[in-house]
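So this block is upload-v7.txt, compact mmCIF, C-alpha atoms:
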# COMPACT_ATOMS: atom_id res chain seq x y z
CA MET A 1 25.90 3.22 -16.86
CA THR A 2 24.38 -0.23 -17.32
CA LEU A 3 21.42 -0.85 -15.06
CA SER A 4 19.88 -4.24 -14.36
CA THR A 5 16.87 -5.07 -16.50
CA THR A 6 13.91 -7.41 -16.38
CA ARG A 7 10.98 -8.46 -18.55
CA PHE A 8 8.02 -6.10 -18.20
CA GLY A 9 5.34 -8.69 -17.52
CA LYS A 10 3.69 -10.17 -20.59
CA THR A 11 4.51 -7.24 -22.89
CA GLY A 12 7.64 -8.86 -24.32
CA ARG A 13 9.67 -5.73 -23.55
CA ASN A 14 12.53 -5.34 -21.12
CA THR A 15 12.98 -2.35 -18.83
CA THR A 16 15.48 -1.26 -16.22
CA ARG A 17 14.40 -2.09 -12.68
CA ILE A 18 14.90 1.54 -11.69
CA GLY A 19 12.82 3.96 -13.73
CA PHE A 20 11.98 7.65 -13.68
CA GLY A 21 8.83 8.92 -11.96
CA ALA A 22 7.83 12.10 -13.78
CA TRP A 23 5.31 13.57 -11.35
CA ALA A 24 7.76 16.03 -9.80
CA ILE A 25 8.74 17.53 -13.17
CA GLY A 26 5.05 18.15 -13.88
CA GLY A 27 3.76 19.74 -10.69
CA SER A 28 2.60 19.42 -7.07
CA TRP A 29 6.17 19.25 -5.73
CA GLY A 30 6.97 22.95 -5.56
CA ASP A 31 8.50 24.94 -8.38
CA VAL A 32 10.62 23.07 -10.92
CA SER A 33 11.65 25.16 -13.92
CA GLU A 34 11.28 23.82 -17.45
CA ALA A 35 15.06 23.76 -17.84
CA ASP A 36 15.56 21.88 -14.58
CA ALA A 37 12.81 19.42 -15.48
CA ARG A 38 14.41 18.66 -18.83
CA ALA A 39 17.88 18.33 -17.32
CA THR A 40 16.55 15.98 -14.63
CA LEU A 41 14.97 13.68 -17.20
CA GLU A 42 18.08 13.83 -19.40
CA ALA A 43 20.19 12.77 -16.41
CA ALA A 44 17.92 9.77 -15.77
CA LEU A 45 18.24 8.66 -19.39
CA ASP A 46 22.00 9.28 -19.35
CA ALA A 47 22.19 7.06 -16.25
CA GLY A 48 20.64 4.24 -18.27
CA MET A 49 17.00 4.28 -17.17
CA THR A 50 14.68 2.89 -19.86
CA PHE A 51 11.30 3.33 -18.12
CA ILE A 52 9.44 6.62 -17.62
CA ASP A 53 6.16 6.93 -15.74
CA THR A 54 3.97 10.01 -16.17
CA ALA A 55 0.29 11.03 -16.25
CA ASP A 56 -1.90 13.45 -18.14
CA VAL A 57 -2.64 15.41 -14.95
CA TYR A 58 0.98 16.00 -13.92
CA GLY A 59 1.12 19.73 -14.50
CA ASP A 60 -1.98 19.43 -16.74
CA GLY A 61 0.10 17.71 -19.41
CA ARG A 62 3.37 19.53 -18.72
CA SER A 63 5.15 16.34 -17.70
CA GLU A 64 4.08 14.51 -20.87
CA ARG A 65 5.14 17.43 -23.08
CA ILE A 66 8.56 17.69 -21.42
CA ILE A 67 9.07 13.97 -22.05
CA ARG A 68 8.08 14.45 -25.71
CA ASP A 69 10.49 17.33 -26.19
CA VAL A 70 13.42 15.55 -24.52
CA LEU A 71 12.91 12.31 -26.43
CA LYS A 72 12.77 14.21 -29.74
CA THR A 73 16.43 15.05 -29.28
CA ARG A 74 17.62 11.56 -28.35
CA THR A 75 18.14 8.24 -30.06
CA ASP A 76 17.18 6.13 -27.02
CA LYS A 77 13.52 5.13 -26.95
CA PRO A 78 12.48 4.28 -23.40
CA PHE A 79 9.22 2.61 -22.39
CA VAL A 80 6.86 5.48 -21.54
CA ALA A 81 3.86 4.75 -19.34
CA THR A 82 1.17 7.35 -18.80
CA LYS A 83 -2.16 7.41 -16.96
CA ALA A 84 -5.72 8.49 -17.64
CA GLY A 85 -8.81 9.17 -15.58
CA ARG A 86 -7.91 11.82 -13.02
CA ARG A 87 -9.01 14.58 -15.37
CA LEU A 88 -12.57 13.59 -14.54
CA ASN A 89 -14.40 16.22 -12.48
CA PRO A 90 -15.95 14.96 -10.34
CA HIS A 91 -13.62 11.96 -10.10
CA ILE A 92 -16.26 9.24 -9.77
CA ALA A 93 -16.56 5.68 -11.03
CA ALA A 94 -19.43 6.60 -13.37
CA GLY A 95 -17.02 8.85 -15.29
CA TYR A 96 -14.79 5.92 -16.20
CA THR A 97 -16.48 5.26 -19.52
CA PRO A 98 -14.68 4.02 -22.63
CA ALA A 99 -15.52 7.30 -24.38
CA ASN A 100 -14.06 9.48 -21.64
CA ILE A 101 -10.91 7.39 -21.38
CA GLU A 102 -10.44 7.46 -25.16
CA ALA A 103 -10.66 11.26 -25.13
CA PHE A 104 -7.96 11.43 -22.45
CA ILE A 105 -5.80 9.01 -24.41
CA ASP A 106 -6.14 11.12 -27.56
CA ARG A 107 -4.84 14.10 -25.58
CA SER A 108 -1.89 12.09 -24.26
CA LEU A 109 -1.05 10.92 -27.79
CA THR A 110 -0.73 14.59 -28.75
CA ASN A 111 1.17 15.57 -25.59
CA LEU A 112 3.68 12.75 -26.04
CA GLY A 113 3.88 13.16 -29.82
CA VAL A 114 3.30 9.50 -30.66
CA ASP A 115 0.79 7.43 -32.63
CA CYS A 116 0.56 4.66 -30.04
CA LEU A 117 1.09 4.84 -26.27
CA ASP A 118 3.34 2.13 -24.81
CA LEU A 119 1.19 1.72 -21.70
CA VAL A 120 -1.89 3.52 -20.37
CA GLN A 121 -2.80 2.99 -16.73
CA LEU A 122 -6.21 3.85 -15.35
CA HIS A 123 -5.28 6.45 -12.76
CA CYS A 124 -6.48 5.27 -9.35
CA PRO A 125 -10.16 4.90 -10.21
CA PRO A 126 -12.67 4.60 -7.36
CA THR A 127 -12.98 0.99 -6.21
CA GLU A 128 -16.35 0.46 -7.92
CA ALA A 129 -14.78 1.01 -11.34
CA TYR A 130 -12.83 -2.26 -11.05
CA TYR A 131 -16.15 -4.10 -11.02
CA THR A 132 -17.22 -2.62 -14.37
CA PRO A 133 -16.19 -5.05 -17.14
CA ALA A 134 -17.25 -2.60 -19.87
CA LEU A 135 -14.43 -0.27 -18.83
CA PHE A 136 -11.83 -2.97 -19.37
CA ASP A 137 -13.49 -4.11 -22.59
CA GLY A 138 -13.00 -0.52 -23.73
CA MET A 139 -9.29 -0.71 -22.98
CA GLU A 140 -9.05 -3.84 -25.08
CA ALA A 141 -10.83 -2.04 -27.91
CA LEU A 142 -8.28 0.78 -27.76
CA LYS A 143 -5.54 -1.83 -28.12
CA GLN A 144 -7.26 -3.21 -31.18
CA GLN A 145 -7.47 0.31 -32.63
CA GLY A 146 -3.72 0.73 -32.14
CA LYS A 147 -3.96 3.76 -29.87
CA ILE A 148 -2.36 1.88 -26.98
CA ALA A 149 0.02 -1.07 -26.96
CA GLN A 150 -0.86 -2.21 -23.43
CA TRP A 151 -3.05 -1.17 -20.53
CA GLY A 152 -2.75 -1.46 -16.80
CA VAL A 153 -3.98 0.18 -13.61
CA SER A 154 -2.62 2.39 -10.89
CA VAL A 155 -4.28 1.52 -7.60
CA GLU A 156 -4.59 2.77 -4.05
CA LYS A 157 -5.59 -0.53 -2.43
CA VAL A 158 -4.44 -4.14 -2.56
CA GLU A 159 -8.09 -5.12 -3.06
CA GLU A 160 -8.19 -3.09 -6.28
CA ALA A 161 -4.95 -4.64 -7.51
CA LEU A 162 -6.25 -8.15 -6.96
CA LYS A 163 -9.48 -7.34 -8.78
CA ALA A 164 -7.70 -5.69 -11.72
CA ILE A 165 -5.51 -8.68 -12.47
CA GLU A 166 -8.57 -10.87 -12.88
CA TYR A 167 -8.96 -9.15 -16.27
CA PRO A 168 -6.67 -11.11 -18.62
CA GLY A 169 -5.60 -8.03 -20.57
CA CYS A 170 -4.17 -6.23 -17.54
CA ALA A 171 -0.44 -5.92 -18.26
CA SER A 172 0.66 -4.05 -15.16
CA VAL A 173 -0.31 -2.76 -11.75
CA GLN A 174 1.22 0.32 -10.18
CA ILE A 175 0.98 0.30 -6.39
CA ILE A 176 2.56 2.05 -3.43
CA TYR A 177 5.26 -0.22 -2.05
CA ASN A 178 8.08 0.83 0.22
CA ILE A 179 9.46 0.15 3.70
CA PHE A 180 6.41 1.96 5.09
CA ARG A 181 3.86 0.13 2.91
CA GLN A 182 4.62 -3.61 2.97
CA ARG A 183 1.17 -5.14 2.61
CA PRO A 184 1.37 -5.79 -1.18
CA GLU A 185 3.99 -8.49 -0.66
CA THR A 186 1.73 -10.79 1.38
CA LEU A 187 -0.73 -11.83 -1.33
CA PHE A 188 -0.76 -9.48 -4.29
CA PHE A 189 2.85 -10.04 -5.38
CA ARG A 190 2.34 -13.78 -5.56
CA GLU A 191 -0.84 -13.42 -7.60
CA ALA A 192 0.76 -10.91 -9.98
CA GLN A 193 3.72 -13.19 -10.61
CA ALA A 194 1.42 -16.14 -11.26
CA ARG A 195 -0.39 -14.13 -13.96
CA GLY A 196 2.71 -12.56 -15.52
CA VAL A 197 1.59 -9.06 -14.50
CA ALA A 198 4.27 -6.38 -14.19
CA VAL A 199 4.43 -4.50 -10.89
CA ILE A 200 5.43 -0.82 -10.79
CA ALA A 201 6.37 0.32 -7.27
CA ARG A 202 5.51 3.97 -6.75
CA VAL A 203 6.11 6.40 -3.85
CA PRO A 204 9.26 4.38 -3.07
CA LEU A 205 10.75 7.07 -0.84
CA ALA A 206 7.48 7.92 0.97
CA SER A 207 7.37 11.44 -0.49
CA GLY A 208 10.97 12.08 0.53
CA MET A 209 10.63 10.79 4.09
CA LEU A 210 12.81 7.76 3.31
CA THR A 211 15.63 9.99 2.09
CA GLY A 212 16.34 10.70 5.75
CA LYS A 213 16.61 14.41 4.97
CA LEU A 214 13.32 15.62 6.46
CA THR A 215 13.00 16.88 10.02
CA ALA A 216 10.28 18.16 12.34
CA ALA A 217 11.20 21.65 11.13
CA SER A 218 10.97 20.91 7.38
CA THR A 219 8.63 23.17 5.43
CA PHE A 220 7.07 22.72 2.00
CA ALA A 221 5.85 25.12 -0.69
CA ALA A 222 2.12 25.83 -0.79
CA ASP A 223 1.79 23.98 -4.12
CA ASP A 224 3.65 20.90 -2.78
CA HIS A 225 1.27 18.05 -1.91
CA ARG A 226 3.32 17.44 1.24
CA ALA A 227 1.88 20.74 2.48
CA PHE A 228 -1.69 20.52 1.17
CA ASN A 229 -2.54 16.79 1.21
CA ARG A 230 -1.39 15.60 4.64
CA HIS A 231 -4.90 14.42 5.48
CA GLY A 232 -6.17 13.60 1.99
CA GLU A 233 -7.58 17.03 1.22
CA ALA A 234 -6.83 16.79 -2.51
CA PHE A 235 -6.42 13.05 -3.19
CA ASP A 236 -5.83 9.85 -1.26
CA MET A 237 -3.73 10.63 1.80
CA GLY A 238 -1.76 7.43 1.22
CA GLU A 239 0.03 9.24 -1.62
CA THR A 240 1.60 11.71 0.83
CA PHE A 241 4.24 10.29 3.17
CA SER A 242 2.61 6.91 2.40
CA GLY A 243 -0.22 7.84 4.77
CA VAL A 244 2.04 7.67 7.84
CA PRO A 245 1.71 10.46 10.45
CA TYR A 246 4.69 12.78 10.07
CA ASP A 247 6.06 12.35 13.60
CA VAL A 248 5.73 8.57 13.48
CA ALA A 249 7.54 8.48 10.12
CA LEU A 250 10.41 10.56 11.53
CA GLN A 251 10.77 8.14 14.45
CA ALA A 252 10.83 5.16 12.06
CA VAL A 253 13.49 6.82 9.89
CA GLU A 254 15.76 7.21 12.91
CA GLU A 255 15.43 3.49 13.65
CA LEU A 256 16.20 2.64 10.01
CA ARG A 257 19.22 4.93 9.74
CA PRO A 258 21.74 2.48 11.28
CA LEU A 259 20.72 -0.15 8.70
CA VAL A 260 21.95 1.88 5.71
CA PRO A 261 25.01 0.23 4.12
CA GLN A 262 28.28 2.12 4.27
CA GLY A 263 28.72 4.37 1.26
CA ALA A 264 25.00 4.42 0.39
CA THR A 265 22.40 7.09 1.03
CA MET A 266 19.20 6.25 2.86
CA ALA A 267 17.29 6.85 -0.38
CA GLN A 268 19.43 4.30 -2.22
CA PHE A 269 18.96 1.86 0.66
CA ALA A 270 15.17 2.32 0.47
CA LEU A 271 15.21 1.66 -3.27
CA ARG A 272 17.42 -1.42 -2.87
CA TRP A 273 15.00 -2.73 -0.24
CA ILE A 274 12.23 -2.62 -2.86
CA LEU A 275 14.36 -4.38 -5.48
CA MET A 276 14.83 -7.30 -3.09
CA GLN A 277 11.33 -8.35 -4.17
CA ASP A 278 11.46 -10.32 -7.43
CA ALA A 279 7.79 -9.51 -8.04
CA VAL A 280 8.65 -5.80 -8.45
CA THR A 281 9.39 -5.13 -12.11
CA VAL A 282 10.38 -1.48 -11.83
CA VAL A 283 10.55 1.13 -9.08
CA ILE A 284 9.90 4.75 -10.07
CA PRO A 285 11.48 7.31 -7.75
CA GLY A 286 10.88 10.90 -8.71
CA ALA A 287 13.55 13.55 -9.01
CA ARG A 288 13.70 17.31 -9.29
CA THR A 289 17.41 17.68 -10.07
CA PRO A 290 19.92 15.86 -12.28
CA ALA A 291 21.88 14.85 -9.17
CA GLN A 292 18.81 13.13 -7.73
CA SER A 293 18.31 11.19 -10.97
CA ALA A 294 21.93 9.99 -10.91
CA ALA A 295 21.73 9.06 -7.23
CA ASN A 296 18.53 7.06 -7.79
CA ALA A 297 20.24 5.09 -10.54
CA GLY A 298 23.11 4.39 -8.15
CA ALA A 299 20.85 2.23 -5.98
CA ASP A 300 21.04 -0.44 -8.68
CA ALA A 301 24.68 -1.11 -7.83
CA LEU A 302 24.12 -1.81 -4.13
CA ALA A 303 24.66 -5.37 -2.96
CA PRO A 304 21.60 -7.39 -1.89
CA LEU A 305 20.56 -6.55 1.65
CA PRO A 306 21.29 -9.21 4.27
CA ALA A 307 18.43 -11.18 5.85
CA GLU A 308 18.97 -9.51 9.21
CA THR A 309 18.57 -6.07 7.63
CA MET A 310 15.33 -7.12 5.94
CA ALA A 311 14.08 -8.51 9.26
CA ALA A 312 14.95 -5.26 11.03
CA CYS A 313 13.01 -3.27 8.45
CA ARG A 314 10.05 -5.56 8.95
CA ASP A 315 10.24 -5.05 12.72
CA VAL A 316 10.17 -1.25 12.35
CA TYR A 317 7.19 -1.57 10.03
CA GLU A 318 5.21 -3.87 12.31
CA ARG A 319 5.87 -1.89 15.50
CA LEU A 320 5.56 1.69 14.29
CA ILE A 321 4.01 1.88 10.86
CA ALA A 322 1.54 -0.98 10.31
CA PRO A 323 -1.00 0.23 12.91
CA HIS A 324 -1.48 3.38 10.82
CA VAL A 325 -1.50 1.95 7.27
CA HIS A 326 -1.78 -1.82 6.97
CA HIS A 327 -5.57 -2.04 7.32
CA ARG A 328 -6.29 1.02 5.15
CA TRP A 329 -4.68 0.17 1.82
Represent the structure of the file as structure tokens.
Amino acid sequence: MTLSTTRFGKTGRNTTRIGFGAWAIGGSWGDVSEADARATLEAALDAGMTFIDTADVYGDGRSERIIRDVLKTRTDKPFVATKAGRRLNPHIAAGYTPANIEAFIDRSLTNLGVDCLDLVQLHCPPTEAYYTPALFDGMEALKQQGKIAQWGVSVEKVEEALKAIEYPGCASVQIIYNIFRQRPETLFFREAQARGVAVIARVPLASGMLTGKLTAASTFAADDHRAFNRHGEAFDMGETFSGVPYDVALQAVEELRPLVPQGATMAQFALRWILMQDAVTVVIPGARTPAQSAANAGADALAPLPAETMAACRDVYERLIAPHVHHRW
């Protein structure tokens, strides 16, 4: 399959606009066997995806090691982005020192089996860290050493994204953007485009809510963040169902359902909605099965959504969702 591609910011590399989010094959999404994890990633690569996003804490390195082992057996060499910083305990801004980050990067180099990481993203540091120039000077130093080719940030808040791109070396920003989290498009997208910064849209399906498959009776495994992080018990609650109360999200999904194009799934519709934004470089849905990987890739073939559909999505957001999320992130 040939997927549409775009330039990844100022890196000079091209990537597919639909990539593979490798959190689910690492952990915190219920049990995914090693064999299933490998097959799921293989299916994404077979579907033509050339961008993989992972992190050193996904399964304590399991996700990175699975990526290493799969890529050893293949000739295709996708762009692999990882993250560093969440191994800090406690996870506080003072821990984001160049020395600590370098130690995490050294571990990821081993996990991924490479001499230089394509992209390292600081992994949702506390807000204060973005106001610490020494941290970003340290990232530049790691580029000079050849341990990383590029660096970026993964953020929780639009404020953090806007601050990060003030540093000239910032190649990319990963941010939650989906039908339930539309605030990034008002200011941040314009500023990112003006600076040539790549935008990675994460949590595109609102933790599965925008697949349309969840109900009031849905249950989740104890080790699935959708069970243990509903109110931010383990990390920012915006990462789980995009921070939207479960019952409100279900109501919004029912209003969105009639907008889904004939022949498409709601998940594919939600991904196509994201790709309507030129500022989005790549969207990174996760998957736990090969079929999910193939279906995610299929969103690339959907026709552009009509203006009235986009307006209807905006209306659902403003009426139901924005009161819960717009001011928080």
Next on the checklist: Using Å and a single decimal, report how far atom CA of Thr15 of chain A sits from atom CA of Met209 of chain A.
Outcome noted: 26.5 Å
If we count only C-alpha atoms and set the cut-off at 12 Å, which residues sit around Leu3 of chain A, ignoring sequence neighbours fewer than 5 positions away in its own chain? Please answer as a PDB file with C-alpha atoms, keeping the file's coordinate frame.
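Now in result-v2.pdb:
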ATOM      1  CA  ASN A  14      12.530  -5.340 -21.120  1.00  0.00           C
ATOM      2  CA  THR A  15      12.980  -2.350 -18.830  1.00  0.00           C
ATOM      3  CA  THR A  16      15.480  -1.260 -16.220  1.00  0.00           C
ATOM      4  CA  ARG A  17      14.400  -2.090 -12.680  1.00  0.00           C
ATOM      5  CA  ILE A  18      14.900   1.540 -11.690  1.00  0.00           C
ATOM      6  CA  GLY A  19      12.820   3.960 -13.730  1.00  0.00           C
ATOM      7  CA  ALA A  44      17.920   9.770 -15.770  1.00  0.00           C
ATOM      8  CA  LEU A  45      18.240   8.660 -19.390  1.00  0.00           C
ATOM      9  CA  ASP A  46      22.000   9.280 -19.350  1.00  0.00           C
ATOM     10  CA  ALA A  47      22.190   7.060 -16.250  1.00  0.00           C
ATOM     11  CA  GLY A  48      20.640   4.240 -18.270  1.00  0.00           C
ATOM     12  CA  MET A  49      17.000   4.280 -17.170  1.00  0.00           C
ATOM     13  CA  THR A  50      14.680   2.890 -19.860  1.00  0.00           C
ATOM     14  CA  PHE A  51      11.300   3.330 -18.120  1.00  0.00           C
ATOM     15  CA  VAL A 282      10.380  -1.480 -11.830  1.00  0.00           C
ATOM     16  CA  ALA A 294      21.930   9.990 -10.910  1.00  0.00           C
ATOM     17  CA  ASN A 296      18.530   7.060  -7.790  1.00  0.00           C
ATOM     18  CA  ALA A 297      20.240   5.090 -10.540  1.00  0.00           C
ATOM     19  CA  GLY A 298      23.110   4.390  -8.150  1.00  0.00           C
ATOM     20  CA  ALA A 299      20.850   2.230  -5.980  1.00  0.00           C
ATOM     21  CA  ASP A 300      21.040  -0.440  -8.680  1.00  0.00           C
ATOM     22  CA  ALA A 301      24.680  -1.110  -7.830  1.00  0.00           C
ATOM     23  CA  LEU A 302      24.120  -1.810  -4.130  1.00  0.00           C
TER      24      LEU A 302
END
Checklist entry - What gap, in Å, lies between atom CA of Cys116 of chain A and atom CA of Lys147 of chain A? => result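 Distance reported for this atom pair: 4.6 Å.
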For segment 316-324 of chain A, find every residue with an atom within 7 Å (counting all atoms listed in the file), except residues of its own chain fewer than 2 positions away, and show them as a PDB file with C-alpha atoms, keeping the file's coordinate frame.
ATOM      1  CA  ILE A 179       9.460   0.150   3.700  1.00  0.00           C
ATOM      2  CA  PHE A 180       6.410   1.960   5.090  1.00  0.00           C
ATOM      3  CA  VAL A 244       2.040   7.670   7.840  1.00  0.00           C
ATOM      4  CA  VAL A 248       5.730   8.570  13.480  1.00  0.00           C
ATOM      5  CA  ALA A 252      10.830   5.160  12.060  1.00  0.00           C
ATOM      6  CA  ALA A 312      14.950  -5.260  11.030  1.00  0.00           C
ATOM      7  CA  CYS A 313      13.010  -3.270   8.450  1.00  0.00           C
ATOM      8  CA  ARG A 314      10.050  -5.560   8.950  1.00  0.00           C
ATOM      9  CA  HIS A 326      -1.780  -1.820   6.970  1.00  0.00           C
TER      10      HIS A 326
END
Item to check | Best match for closeness to Asp118 of chain A among A:Asp247, A:Glu255, A:Asp53, A:Asp69, counting all atoms listed in the file | outcome: A:Asp53
